[in-house]
Amino acid sequence: MSTKTIRVGNGCGFWGDQLDAPVFLVERGALDFLTLEYLAELTMSILAQQRQRDAQLGYATDFIEVLDRLCPLWRRQENLRIITNAGGLNPHSCAERALEVLRRHGLRKRVGIVLGDDILPRLDDLLRAGYSLAHMDTGEPLSAVRARVVCANVYLGARPIVQALEQGADLVITGRVADASLTVAPAVWAFGWSWEDWDKLASAAIAGHLIECGAQVTGGLFTDWQRVPNLADVGYPIAELEADGTFRILKPSDSGGMVTIDTVREQLLYEVGDPAAYITPDVVADFTSVRLVALEPEGVEIRYARGKPATESYKVSIAYRDGYFCSGQIVVAGQDAREKAKLCADIIRRRLRRAGAEPEEFHAELLGAGDSVPGVWPTVSPYEVVLRIAAWDKQRSVLERFAREIAPLVTSGPPGVTGYATGRPAVREVFAYWPALIPKSAVQTEVIYWDT
Amino acid sequence: MRLHTIALARSGDKGNHANIGVLARYPEVYGWLCNYLTAERVAAYFCSLKPSRVERYLAPNIWGLNFVLYDVLAGGAARSLRLDSQGKALACALLNLEIPEPQIE
């Protein structure tokens, strides 16, 4: 494929994002590619919990619902291609369900399924072969928690997605792929860029970084929220890329939100370490190289991206079982709300101690009194506070007991305790995060194709 | 005057670390901001979160300063007992920083 410009729209920034957004974006966005990004670090551990309960789960089920709603539009926009990491920990099941939906709508489509990111089945072989998968921050070898590992997924790059597009896939379903690579892939495929054209790859990676969180670049989260029009109808972002790497961040013209130099530069630094060396599997992009130009009537053009060669490693996202967690909250209102809430937390703790079920970790925060960022805001005395208490322990039974100690405060605590209508909070297993690196040479990817 | 008057900001997480991107609203204040808003000052402001270290990176092309606050999320999204386990509220907190009147060249 060789073309002048491509339009890549991202209709989903995380699992839990607006279900209507991809539909509106396809309706109004004149897209060549729709990307749907579902996998945050935390999402992988949630998917691991779901797969543990049911082997057929472990993918972003929202995608199936979204696909169902997109099908009537897809019939009218035949050339649209959809790229999503909704496969999560179970791309096979996700693709099976997707095929059912496509068949139900009578659409003839080819689904490409990218495999190879899931290294859980190979984990012991890899460790035995000398890959330590050491924790990126602490340096501790994975063997320390090996027995408790529930998922291990490599952040793959754009290459297997390009392979799928080359083979005519209309829908590409992946597991763990670097978010930016969802945008790099269609650009490489459409423009035939070399895998060593670092500046162009960096351009597309920056475009992908900017749109991967959906509405965060089109007015969502923006500091000057009072200036953002109609966030209820916020338009999701479109990256319009040219063959030379220049690209524009746009949104559908009849949508809410806004795309300005300020919304774009805020998002440019979102979840970034060194902005001069943003590492993706495809390229190391230099965010400090780009020039931003405001467009009329709306949008921002980004030029002159510089890139450096990709590293020899992939990042690996690993989750391991790490005890149990529970949190609950109540409202404490009236005179001396803070002091009463503190007393409530203390009562809970003392009753748990008396019962021999004091959690190893116990944390109380007074929301409304500045505790969302504890210790930073000067103490205030609000009329009411939400007391949120959270606990962690190695044993589930300790937290089951913890969960039962919140409601009794309604009758046996200080006055003004209310808002306990949601019932006993649930205890959940904690799947902690273990980031690691693995040489690219140790990872093989594969793309399989299913036709409707 | 608060930092909010002269800057925009956005924050998020990477594992147990958080980053806060700070952007000067006007190019004239960027130089002053780089001098004033040091990694040490940001570390001191967030000392209650016990950062193991704070690194600052500059992005002059967007009048930006990026702060990485290490180990401030009490274990990160999956493990932290805190409500703001992903550092989403840190940018708003930093914008509340009281600053002197910027000296503009």
# chains A, B, ... in the order shown; residues from 1 in each chain; ligands from 1
>>> closest_atom_pairs(of="chain B", to="chain A", cutoff="6 Å", atoms="only C-alpha atoms", output="tab-separated table")
residue	atom	partner	partner_atom	distance
B:Leu8	CA	A:Thr223	CA	5.8
B:Gly12	CA	A:Glu271	CA	5.2
B:Asp13	CA	A:Glu271	CA	5.9
B:Asn19	CA	A:Glu271	CA	5.9
B:Gly21	CA	A:Leu269	CA	5.3
B:Ser48	CA	A:Gly375	CA	5.3
B:Ala59	CA	A:Thr288	CA	5.1
B:Asn61	CA	A:Thr288	CA	5.8
B:Ala78	CA	A:Ala432	CA	5.4
B:Arg79	CA	A:Ala432	CA	5.7
B:Leu81	CA	A:Ala390	CA	5.6
B:Asp84	CA	A:Ser372	CA	5.9
>>> write_last_selection(atoms="C-alpha atoms", output="CSV table (one decimal), in the first residue's frame")
chain,number,residue,atom,x,y,z
B,8,LEU,CA,-0.2,23.6,33.3
B,12,GLY,CA,0.3,9.6,35.9
B,13,ASP,CA,2.1,6.3,37.0
B,19,ASN,CA,5.6,11.5,36.8
B,21,GLY,CA,4.7,17.0,33.4
B,48,SER,CA,5.1,13.1,52.9
B,59,ALA,CA,11.7,19.7,27.2
B,61,ASN,CA,10.6,22.8,22.8
B,78,ALA,CA,-2.2,-3.2,41.8
B,79,ARG,CA,-0.7,-3.2,45.3
B,81,LEU,CA,-3.5,0.8,49.8
B,84,ASP,CA,-4.7,7.7,44.4
>>> residues_around(residues="Val447 of chain A", least_positions_apart="2", cutoff="8 Å", atoms="only C-alpha atoms", output="PyMOL selection string")
chain A and resi 112-115+160+163-164+445+449
>>> residues_around(residues="Glu98 of chain B", least_positions_apart="5", cutoff="12 Å", atoms="only C-alpha atoms", output="VMD selection string")
(chain A and resid 376 to 377) or (chain B and resid 1 to 6 36 to 37 41 to 42 45 93)
>>> residues_around(residues="Ile20 of chain B", least_positions_apart="3", cutoff="6 Å", atoms="only C-alpha atoms", output="ChimeraX atom specification")
/B:10-11,66-67,91
>>> write_last_selection(atoms="N, CA and C atoms", output="short mmCIF file (atom, residue, chain, number, x, y, z; two decimals), in the first residue's frame")
data_model
loop_
_atom_site.label_atom_id
_atom_site.label_comp_id
_atom_site.auth_asym_id
_atom_site.auth_seq_id
_atom_site.Cartn_x
_atom_site.Cartn_y
_atom_site.Cartn_z
N ARG B 10 0.15 17.69 34.38
CA ARG B 10 -0.57 16.41 34.24
C ARG B 10 0.29 15.32 34.86
N SER B 11 -0.35 14.37 35.55
CA SER B 11 0.45 13.33 36.22
C SER B 11 -0.11 11.95 35.95
N ASN B 66 9.71 17.74 33.20
CA ASN B 66 9.09 16.48 33.59
C ASN B 66 9.76 15.94 34.85
N PHE B 67 8.94 15.73 35.88
CA PHE B 67 9.47 15.23 37.14
C PHE B 67 9.08 13.77 37.30
N ALA B 91 -0.63 16.09 39.99
CA ALA B 91 -0.47 17.32 39.20
C ALA B 91 -1.25 18.46 39.83
#
>>> select_by_dssp(residues="segment 294-400 of chain A", states="helix (DSSP H, G or I)", output="VMD selection string")
chain A and resid 337 to 354 396 to 400
>>> select_by_dssp(residues="segment 44-101 of chain A", states="strand (DSSP E)", output="ChimeraX atom specification")
/A:81-84
>>> write_last_selection(atoms="C-alpha atoms", output="PDB file, in the first residue's frame")
ATOM      1  CA  ARG A  81      -9.205  -1.633   9.378  1.00  0.00           C
ATOM      2  CA  ILE A  82      -9.377  -2.153  13.100  1.00  0.00           C
ATOM      3  CA  ILE A  83      -6.361  -2.815  15.302  1.00  0.00           C
ATOM      4  CA  THR A  84      -6.847  -3.643  18.959  1.00  0.00           C
TER       5      THR A  84
END
>>> closest_residue(among="B:Lys50, B:Cys34, B:Asn16, B:Leu95", to="Trp63 of chain B", atoms="only C-alpha atoms")
B:Cys34
>>> residues_around(residues="segment 190-207 of chain A", least_positions_apart="4", cutoff="6 Å", atoms="only C-alpha atoms", output="PDB file with C-alpha atoms, in the first residue's frame")
ATOM      1  CA  MET A   1       0.000   0.000   0.000  1.00  0.00           C
ATOM      2  CA  SER A   2       1.347   3.452  -0.857  1.00  0.00           C
ATOM      3  CA  ALA A 180       2.252   3.384  20.489  1.00  0.00           C
ATOM      4  CA  VAL A 184       3.248   2.756  14.223  1.00  0.00           C
ATOM      5  CA  PRO A 186      -0.505   1.185  10.070  1.00  0.00           C
ATOM      6  CA  ALA A 243       4.646   9.711   4.391  1.00  0.00           C
ATOM      7  CA  GLY A 245       6.433  11.598   9.205  1.00  0.00           C
ATOM      8  CA  ALA A 285      11.641   8.563  20.264  1.00  0.00           C
ATOM      9  CA  ALA A 305      10.484  14.121  15.227  1.00  0.00           C
ATOM     10  CA  ARG A 306      13.840  12.482  15.806  1.00  0.00           C
ATOM     11  CA  GLY A 307      14.361   8.863  16.687  1.00  0.00           C
ATOM     12  CA  LYS A 308      17.196   6.616  17.791  1.00  0.00           C
TER      13      LYS A 308
END
>>> closest_residue(among="B:Ala39, B:Ala18, B:Val54, B:Leu90", to="Leu73 of chain B", atoms="only C-alpha atoms")
B:Ala18
>>> closest_residue(among="A:Arg97, A:Lys251, A:Arg75, A:Arg159", to="Phe24 of chain A", atoms="only C-alpha atoms")
A:Lys251
>>> residues_around(residues="Cys213 of chain A", least_positions_apart="6", cutoff="9 Å", atoms="only C-alpha atoms", output="JSON, numbers by chain")
{"A": [10, 11, 12, 13, 14, 37, 267]}
>>> residues_around(residues="segment 332-337 of chain A", least_positions_apart="2", cutoff="8 Å", atoms="only C-alpha atoms", output="tab-separated table (two decimals) with C-alpha atoms, in the first residue's frame")
chain	number	residue	atom	x	y	z
A	330	ILE	CA	-18.19	5.39	55.25
A	339	GLU	CA	-11.63	13.70	64.62
A	340	LYS	CA	-14.64	11.37	64.58
A	341	ALA	CA	-13.41	9.69	61.39
A	381	SER	CA	-11.81	20.98	58.87
A	382	PRO	CA	-14.55	20.00	56.45
A	383	TYR	CA	-18.17	19.53	57.50
A	384	GLU	CA	-18.01	15.92	56.37
A	385	VAL	CA	-15.35	13.45	55.26
A	386	VAL	CA	-15.30	10.08	53.59
A	387	LEU	CA	-13.33	7.67	55.75
A	416	GLY	CA	-22.78	11.31	62.24
A	417	VAL	CA	-21.64	8.02	60.68
A	418	THR	CA	-23.65	7.40	57.52
>>> closest_residue(among="A:Leu210, A:Gln226, A:Val149, A:Ala232", to="Val259 of chain A", atoms="only C-alpha atoms")
A:Leu210
